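Asks: I am sharing run.cif, which consists of mmCIF, C-alpha atoms:
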data_coords
loop_
_atom_site.group_PDB
_atom_site.id
_atom_site.type_symbol
_atom_site.label_atom_id
_atom_site.label_comp_id
_atom_site.auth_asym_id
_atom_site.auth_seq_id
_atom_site.Cartn_x
_atom_site.Cartn_y
_atom_site.Cartn_z
ATOM 1 C CA MET M 811 99.413 64.266 102.702
ATOM 2 C CA SER M 812 103.081 63.839 102.089
ATOM 3 C CA MET M 813 105.635 62.479 104.504
ATOM 4 C CA ALA M 814 107.373 65.845 104.583
ATOM 5 C CA VAL M 815 104.248 67.497 105.964
ATOM 6 C CA LEU M 816 103.870 64.809 108.607
ATOM 7 C CA ALA M 817 107.532 65.106 109.557
ATOM 8 C CA LEU M 818 107.303 68.892 109.881
ATOM 9 C CA LEU M 819 104.167 68.667 112.029
ATOM 10 C CA ALA M 820 105.721 66.016 114.257
ATOM 11 C CA PHE M 821 108.875 68.111 114.589
ATOM 12 C CA ALA M 822 106.892 71.196 115.577
ATOM 13 C CA VAL M 823 104.779 69.319 118.117
ATOM 14 C CA VAL M 824 107.769 67.568 119.685
ATOM 15 C CA ILE M 825 109.677 70.845 120.015
ATOM 16 C CA GLU M 826 106.706 72.609 121.588
ATOM 17 C CA VAL M 827 105.928 69.782 123.997
ATOM 18 C CA LEU M 828 109.556 69.510 125.119
ATOM 19 C CA CYS M 829 109.899 73.256 125.622
ATOM 20 C CA CYS M 830 106.631 73.459 127.572
ATOM 21 C CA ILE M 831 107.681 70.609 129.845
ATOM 22 C CA ALA M 832 111.060 72.283 130.358
ATOM 23 C CA VAL M 833 109.352 75.576 131.218
ATOM 24 C CA ALA M 834 107.155 73.804 133.756
ATOM 25 C CA ALA M 835 110.134 71.938 135.222
ATOM 26 C CA THR M 836 112.283 75.022 135.841
ATOM 27 C CA ARG M 837 111.549 77.828 138.254
ATOM 28 C CA ASP M 838 114.032 80.568 137.371
ATOM 29 C CA ALA M 839 112.913 83.145 134.817
ATOM 30 C CA PHE M 840 116.260 83.194 132.981
ATOM 31 C CA ASP M 841 116.201 79.409 132.668
ATOM 32 C CA ARG M 842 112.698 79.529 131.286
ATOM 33 C CA LEU M 843 113.695 82.223 128.838
ATOM 34 C CA HIS M 844 116.252 79.837 127.328
ATOM 35 C CA TYR M 845 113.519 77.320 126.543
ATOM 36 C CA LEU M 846 111.387 79.981 124.892
ATOM 37 C CA GLY M 847 113.932 80.371 122.076
ATOM 38 C CA PRO M 848 113.645 77.003 120.294
ATOM 39 C CA ALA M 849 109.867 76.989 120.714
ATOM 40 C CA ILE M 850 109.525 80.336 118.942
ATOM 41 C CA LEU M 851 112.209 79.599 116.353
ATOM 42 C CA PHE M 852 111.290 76.094 115.201
ATOM 43 C CA GLY M 853 107.575 75.709 116.013
ATOM 44 C CA PRO M 854 106.003 78.406 113.817
ATOM 45 C CA SER M 855 108.567 77.847 111.052
ATOM 46 C CA ALA M 856 107.819 74.131 110.847
ATOM 47 C CA VAL M 857 104.048 74.636 110.917
ATOM 48 C CA ALA M 858 104.264 77.357 108.269
ATOM 49 C CA ALA M 859 106.430 75.127 106.085
ATOM 50 C CA ALA M 860 103.933 72.275 106.480
ATOM 51 C CA VAL M 861 101.025 74.551 105.533
ATOM 52 C CA ALA M 862 102.934 75.862 102.530
ATOM 53 C CA LEU M 863 103.841 72.339 101.425
ATOM 54 C CA GLN M 864 100.220 71.244 101.724
ATOM 55 C CA ASP M 865 98.496 74.194 100.041
ATOM 56 C CA GLY M 866 101.280 75.827 98.038
ATOM 57 C CA PHE M 867 103.688 78.632 98.834
ATOM 58 C CA LEU M 868 101.893 81.405 96.963
ATOM 59 C CA THR M 869 98.371 80.695 98.125
ATOM 60 C CA GLN M 870 96.506 82.879 100.612
ATOM 61 C CA VAL M 871 96.969 80.379 103.410
ATOM 62 C CA GLY M 872 100.633 79.765 102.603
ATOM 63 C CA ILE M 873 101.449 83.473 102.591
ATOM 64 C CA LYS M 874 99.621 84.059 105.886
ATOM 65 C CA ALA M 875 101.441 81.155 107.517
ATOM 66 C CA ALA M 876 104.760 82.497 106.263
ATOM 67 C CA VAL M 877 103.924 85.967 107.604
ATOM 68 C CA ILE M 878 103.076 84.495 111.018
ATOM 69 C CA ALA M 879 106.383 82.618 111.110
ATOM 70 C CA ALA M 880 108.241 85.759 109.999
ATOM 71 C CA ILE M 881 106.557 87.828 112.727
ATOM 72 C CA PHE M 882 107.725 85.390 115.379
ATOM 73 C CA LEU M 883 111.227 85.173 113.918
ATOM 74 C CA ILE M 884 111.577 88.968 113.875
ATOM 75 C CA THR M 885 109.885 89.859 117.151
ATOM 76 C CA SER M 886 111.087 87.035 119.402
ATOM 77 C CA PRO M 887 114.639 88.430 119.890
ATOM 78 C CA ILE M 888 113.177 91.844 120.764
ATOM 79 C CA LEU M 889 110.731 90.351 123.239
ATOM 80 C CA SER M 890 113.349 88.050 124.743
ATOM 81 C CA TYR M 891 115.743 90.973 125.229
ATOM 82 C CA ALA M 892 113.016 93.117 126.795
ATOM 83 C CA THR M 893 111.992 90.287 129.095
ATOM 84 C CA ALA M 894 115.580 89.572 130.146
ATOM 85 C CA ARG M 895 116.110 93.259 130.834
ATOM 86 C CA ALA M 896 112.949 93.455 132.919
ATOM 87 C CA ILE M 897 114.088 90.409 134.908
ATOM 88 C CA ALA M 898 117.502 91.997 135.463
ATOM 89 C CA VAL M 899 115.975 95.318 136.555
ATOM 90 C CA ARG M 900 113.757 93.523 139.040
ATOM 91 C CA LYS M 901 116.686 91.493 140.385
ATOM 92 C CA PHE M 902 119.550 93.990 140.382
ATOM 93 C CA GLY M 903 117.888 97.386 140.380
ATOM 94 C CA ASP M 904 119.433 100.155 138.292
ATOM 95 C CA LEU M 905 121.279 98.584 135.343
ATOM 96 C CA ARG M 906 123.311 101.717 134.652
ATOM 97 C CA ARG M 907 125.514 100.935 137.649
ATOM 98 C CA THR M 908 128.263 98.509 136.653
ATOM 99 C CA PRO M 909 130.461 96.403 138.968
ATOM 100 C CA ILE M 910 133.222 99.002 138.395
ATOM 101 C CA ASP M 911 130.920 101.660 139.856
ATOM 102 C CA GLU M 912 130.351 99.448 142.872
ATOM 103 C CA TYR M 913 134.118 98.975 143.292
ATOM 104 C CA GLN M 914 134.792 102.702 143.086
ATOM 105 C CA GLY M 915 132.012 103.402 145.534
ATOM 106 C CA GLU M 916 130.058 105.688 143.232
ATOM 107 C CA MET B 1353 91.094 62.864 112.632
ATOM 108 C CA THR B 1354 93.776 64.264 110.381
ATOM 109 C CA ALA B 1355 97.368 64.962 111.272
ATOM 110 C CA TRP B 1356 96.502 68.666 111.578
ATOM 111 C CA THR B 1357 93.807 68.143 114.188
ATOM 112 C CA ALA B 1358 95.935 65.579 116.027
ATOM 113 C CA SER B 1359 98.761 68.113 116.177
ATOM 114 C CA ALA B 1360 96.327 70.756 117.412
ATOM 115 C CA LEU B 1361 95.174 68.378 120.152
ATOM 116 C CA ALA B 1362 98.772 67.672 121.139
ATOM 117 C CA LEU B 1363 99.439 71.398 121.348
ATOM 118 C CA LEU B 1364 96.295 71.882 123.412
ATOM 119 C CA ALA B 1365 97.711 69.327 125.846
ATOM 120 C CA THR B 1366 100.789 71.525 126.274
ATOM 121 C CA PHE B 1367 98.614 74.046 128.089
ATOM 122 C CA VAL B 1368 98.784 71.745 131.115
ATOM 123 C CA PRO B 1369 102.549 72.208 131.672
ATOM 124 C CA VAL B 1370 102.222 75.849 130.639
ATOM 125 C CA GLY B 1371 99.519 76.306 133.273
ATOM 126 C CA ILE B 1372 101.738 74.638 135.841
ATOM 127 C CA GLY B 1373 104.495 77.047 134.842
ATOM 128 C CA CYS B 1374 102.116 79.975 135.213
ATOM 129 C CA ILE B 1375 101.367 79.153 138.840
ATOM 130 C CA ARG B 1376 104.961 78.394 139.913
ATOM 131 C CA GLY B 1377 107.943 80.657 140.355
ATOM 132 C CA ASP B 1378 108.211 84.410 140.662
ATOM 133 C CA LEU B 1379 106.311 86.951 138.588
ATOM 134 C CA MET B 1380 108.726 87.095 135.649
ATOM 135 C CA ALA B 1381 109.032 83.310 135.494
ATOM 136 C CA ARG B 1382 105.267 83.128 135.248
ATOM 137 C CA PHE B 1383 105.321 85.744 132.520
ATOM 138 C CA VAL B 1384 107.757 83.662 130.451
ATOM 139 C CA ALA B 1385 105.423 80.687 130.779
ATOM 140 C CA PHE B 1386 102.590 82.940 129.640
ATOM 141 C CA GLN B 1387 104.625 83.902 126.562
ATOM 142 C CA ILE B 1388 105.121 80.311 125.484
ATOM 143 C CA GLY B 1389 101.404 79.773 126.093
ATOM 144 C CA SER B 1390 100.516 82.595 123.726
ATOM 145 C CA LEU B 1391 102.828 81.091 121.097
ATOM 146 C CA ASN B 1392 101.090 77.733 121.471
ATOM 147 C CA ALA B 1393 97.699 79.428 121.119
ATOM 148 C CA VAL B 1394 98.764 80.892 117.763
ATOM 149 C CA LEU B 1395 100.022 77.523 116.564
ATOM 150 C CA CYS B 1396 96.807 75.818 117.732
ATOM 151 C CA VAL B 1397 94.667 78.271 115.778
ATOM 152 C CA MET B 1398 96.816 77.731 112.679
ATOM 153 C CA LEU B 1399 96.519 73.955 112.936
ATOM 154 C CA ILE B 1400 92.770 74.067 113.600
ATOM 155 C CA ALA B 1401 92.279 76.380 110.616
ATOM 156 C CA GLN B 1402 94.181 74.011 108.370
ATOM 157 C CA GLY B 1403 92.647 70.860 109.846
ATOM 158 C CA PHE B 1404 89.044 71.956 109.510
ATOM 159 C CA GLY B 1405 89.515 73.823 106.242
ATOM 160 C CA ARG B 1406 88.690 77.284 107.632
ATOM 161 C CA PRO B 1407 91.198 79.670 106.057
ATOM 162 C CA PHE B 1408 89.686 82.733 107.738
ATOM 163 C CA LEU B 1409 90.981 81.470 111.082
ATOM 164 C CA PHE B 1410 94.489 82.276 109.850
ATOM 165 C CA ASP B 1411 93.511 85.943 110.248
ATOM 166 C CA LEU B 1412 92.939 85.320 113.944
ATOM 167 C CA ALA B 1413 96.331 83.640 114.242
ATOM 168 C CA LEU B 1414 97.897 86.549 112.362
ATOM 169 C CA ALA B 1415 96.302 89.082 114.710
ATOM 170 C CA LEU B 1416 97.426 87.107 117.760
ATOM 171 C CA ALA B 1417 100.972 86.950 116.412
ATOM 172 C CA PHE B 1418 100.966 90.680 115.645
ATOM 173 C CA LEU B 1419 99.719 91.572 119.134
ATOM 174 C CA SER B 1420 102.147 89.329 121.016
ATOM 175 C CA LEU B 1421 105.026 91.815 120.699
ATOM 176 C CA PRO B 1422 103.305 95.010 121.947
ATOM 177 C CA SER B 1423 101.499 93.152 124.718
ATOM 178 C CA GLY B 1424 104.752 91.575 125.857
ATOM 179 C CA LEU B 1425 106.549 94.916 125.796
ATOM 180 C CA VAL B 1426 103.799 96.584 127.831
ATOM 181 C CA PHE B 1427 103.909 93.781 130.393
ATOM 182 C CA ASN B 1428 107.706 94.064 130.595
ATOM 183 C CA HIS B 1429 107.543 97.822 131.019
ATOM 184 C CA PHE B 1430 105.141 97.614 133.921
ATOM 185 C CA PHE B 1431 106.822 94.622 135.547
ATOM 186 C CA SER B 1432 110.271 96.214 135.474
ATOM 187 C CA ARG B 1433 109.206 99.581 136.888
ATOM 188 C CA TRP B 1434 106.075 99.506 138.973
ATOM 189 C CA ILE B 1435 104.618 96.106 139.742
ATOM 190 C CA ARG B 1436 106.579 94.252 142.433
#
Now that the file is in, can you turn its structure into structure tokens?
Replies:
Amino acid sequence: MSMAVLALLAFAVVIEVLCCIAVAATRDAFDRLHYLGPAILFGPSAVAAAVALQDGFLTQVGIKAAVIAAIFLITSPILSYATARAIAVRKFGDLRRTPIDEYQGE
Amino acid sequence: MTAWTASALALLATFVPVGIGCIRGDLMARFVAFQIGSLNAVLCVMLIAQGFGRPFLFDLALALAFLSLPSGLVFNHFFSRWIR
């Protein structure tokens, strides 16, 4: 096992552990959502890169690991946006009303 | 114990703070903690598959990763409209 694989695994584990501790330490949903970003961005990418380095990029396992990382990279912004919107709807009600509407009394 | 299984064990340990996050805060804060828990589950399955030389377990990780988006969207839809 090469040093690059070990470094990638250590990087992924450290990122995940730090983000999980940060999620447990904060209480607000928006704050927690910030810590979800690096965990989704760096964790699967580093693990997939380590798997690909170990077994080869064009092997069955390497391709599956790359697909998993790609799924998280593509879907995490969508899920984060949907979650943030759900939090905002729960906190502020109807999002179609802007502060200008409030000022004009509409 | 290889580096893969050690990493999987370390990620399993992260379910303790994730569990603490899931029982603290309001409903949406708990849901965010649940999301990071599902991500860690996928990574754990990947590392276990690689550590124990079971390539078929990558299919399970792939299915979990595929299903994380629709399940999260359904949860968000219900949480934002109906469940208070």
Asks: Quick one: residues within 12 Å of (97.5, 73.6, 122.3) (file frame), counting only C-alpha atoms, please, as a VMD selection string.
Replies: (chain M and resid 822 to 823 826 to 827 830) or (chain B and resid 1356 to 1371 1388 to 1400)
Asks: Can you work out which one of M:Leu819, M:Val871, M:Ala880, M:Met813 has the shortest atom-to-atom distance to Gln1402 in chain B, counting all atoms listed in the file?
Replies: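 Closest candidate: M:Val871.
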Asks: Let me know the residues the PyMOL selection byres ((chain M) within 8 of (chain B)) catches in the file above, as a VMD selection string.
Replies: chain M and resid 816 819 to 820 823 826 to 827 830 to 831 833 to 835 837 to 840 842 to 843 846 849 to 850 853 to 854 857 861 871 874 to 875 877 to 878 881 to 882 885 to 886 889 892 to 893 896 to 897 899 to 900
Asks: The selected residues should be written to file as an mmCIF file, keeping the file's coordinate frame (atoms: C-alpha atoms).
Replies:
data_model
loop_
_atom_site.group_PDB
_atom_site.id
_atom_site.type_symbol
_atom_site.label_atom_id
_atom_site.label_comp_id
_atom_site.auth_asym_id
_atom_site.auth_seq_id
_atom_site.Cartn_x
_atom_site.Cartn_y
_atom_site.Cartn_z
ATOM 1 C CA LEU M 816 103.870 64.809 108.607
ATOM 2 C CA LEU M 819 104.167 68.667 112.029
ATOM 3 C CA ALA M 820 105.721 66.016 114.257
ATOM 4 C CA VAL M 823 104.779 69.319 118.117
ATOM 5 C CA GLU M 826 106.706 72.609 121.588
ATOM 6 C CA VAL M 827 105.928 69.782 123.997
ATOM 7 C CA CYS M 830 106.631 73.459 127.572
ATOM 8 C CA ILE M 831 107.681 70.609 129.845
ATOM 9 C CA VAL M 833 109.352 75.576 131.218
ATOM 10 C CA ALA M 834 107.155 73.804 133.756
ATOM 11 C CA ALA M 835 110.134 71.938 135.222
ATOM 12 C CA ARG M 837 111.549 77.828 138.254
ATOM 13 C CA ASP M 838 114.032 80.568 137.371
ATOM 14 C CA ALA M 839 112.913 83.145 134.817
ATOM 15 C CA PHE M 840 116.260 83.194 132.981
ATOM 16 C CA ARG M 842 112.698 79.529 131.286
ATOM 17 C CA LEU M 843 113.695 82.223 128.838
ATOM 18 C CA LEU M 846 111.387 79.981 124.892
ATOM 19 C CA ALA M 849 109.867 76.989 120.714
ATOM 20 C CA ILE M 850 109.525 80.336 118.942
ATOM 21 C CA GLY M 853 107.575 75.709 116.013
ATOM 22 C CA PRO M 854 106.003 78.406 113.817
ATOM 23 C CA VAL M 857 104.048 74.636 110.917
ATOM 24 C CA VAL M 861 101.025 74.551 105.533
ATOM 25 C CA VAL M 871 96.969 80.379 103.410
ATOM 26 C CA LYS M 874 99.621 84.059 105.886
ATOM 27 C CA ALA M 875 101.441 81.155 107.517
ATOM 28 C CA VAL M 877 103.924 85.967 107.604
ATOM 29 C CA ILE M 878 103.076 84.495 111.018
ATOM 30 C CA ILE M 881 106.557 87.828 112.727
ATOM 31 C CA PHE M 882 107.725 85.390 115.379
ATOM 32 C CA THR M 885 109.885 89.859 117.151
ATOM 33 C CA SER M 886 111.087 87.035 119.402
ATOM 34 C CA LEU M 889 110.731 90.351 123.239
ATOM 35 C CA ALA M 892 113.016 93.117 126.795
ATOM 36 C CA THR M 893 111.992 90.287 129.095
ATOM 37 C CA ALA M 896 112.949 93.455 132.919
ATOM 38 C CA ILE M 897 114.088 90.409 134.908
ATOM 39 C CA VAL M 899 115.975 95.318 136.555
ATOM 40 C CA ARG M 900 113.757 93.523 139.040
#
Asks: So how many Å separate CA of Ser812 in chain M and CA of Ile884 in chain M, to one decimal?
Replies: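 Answer for the CA of Ser812 in chain M to CA of Ile884 in chain M separation: 29.0 Å.
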Asks: For CA of Ser855 in chain M and CA of Ala879 in chain M, quote the distance in Å rounded to one decimal.
Replies: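 Those two atoms sit 5.2 Å apart.
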Asks: Kindly give the distance, in Å, that separates CA of Leu1419 in chain B and CA of Leu883 in chain M, rounded to a single decimal.
Replies: 14.2 Å
Asks: Would you give the centre and edge lengths, in Å to one decimal, of a box along x, y and z around the listed atoms of range 859-875 of chain M, with 4 Å added to each side, as AutoDock Vina command-line options?
Replies:
--center_x 101.5 --center_y 77.7 --center_z 102.2 --size_x 17.9 --size_y 20.8 --size_z 18.6
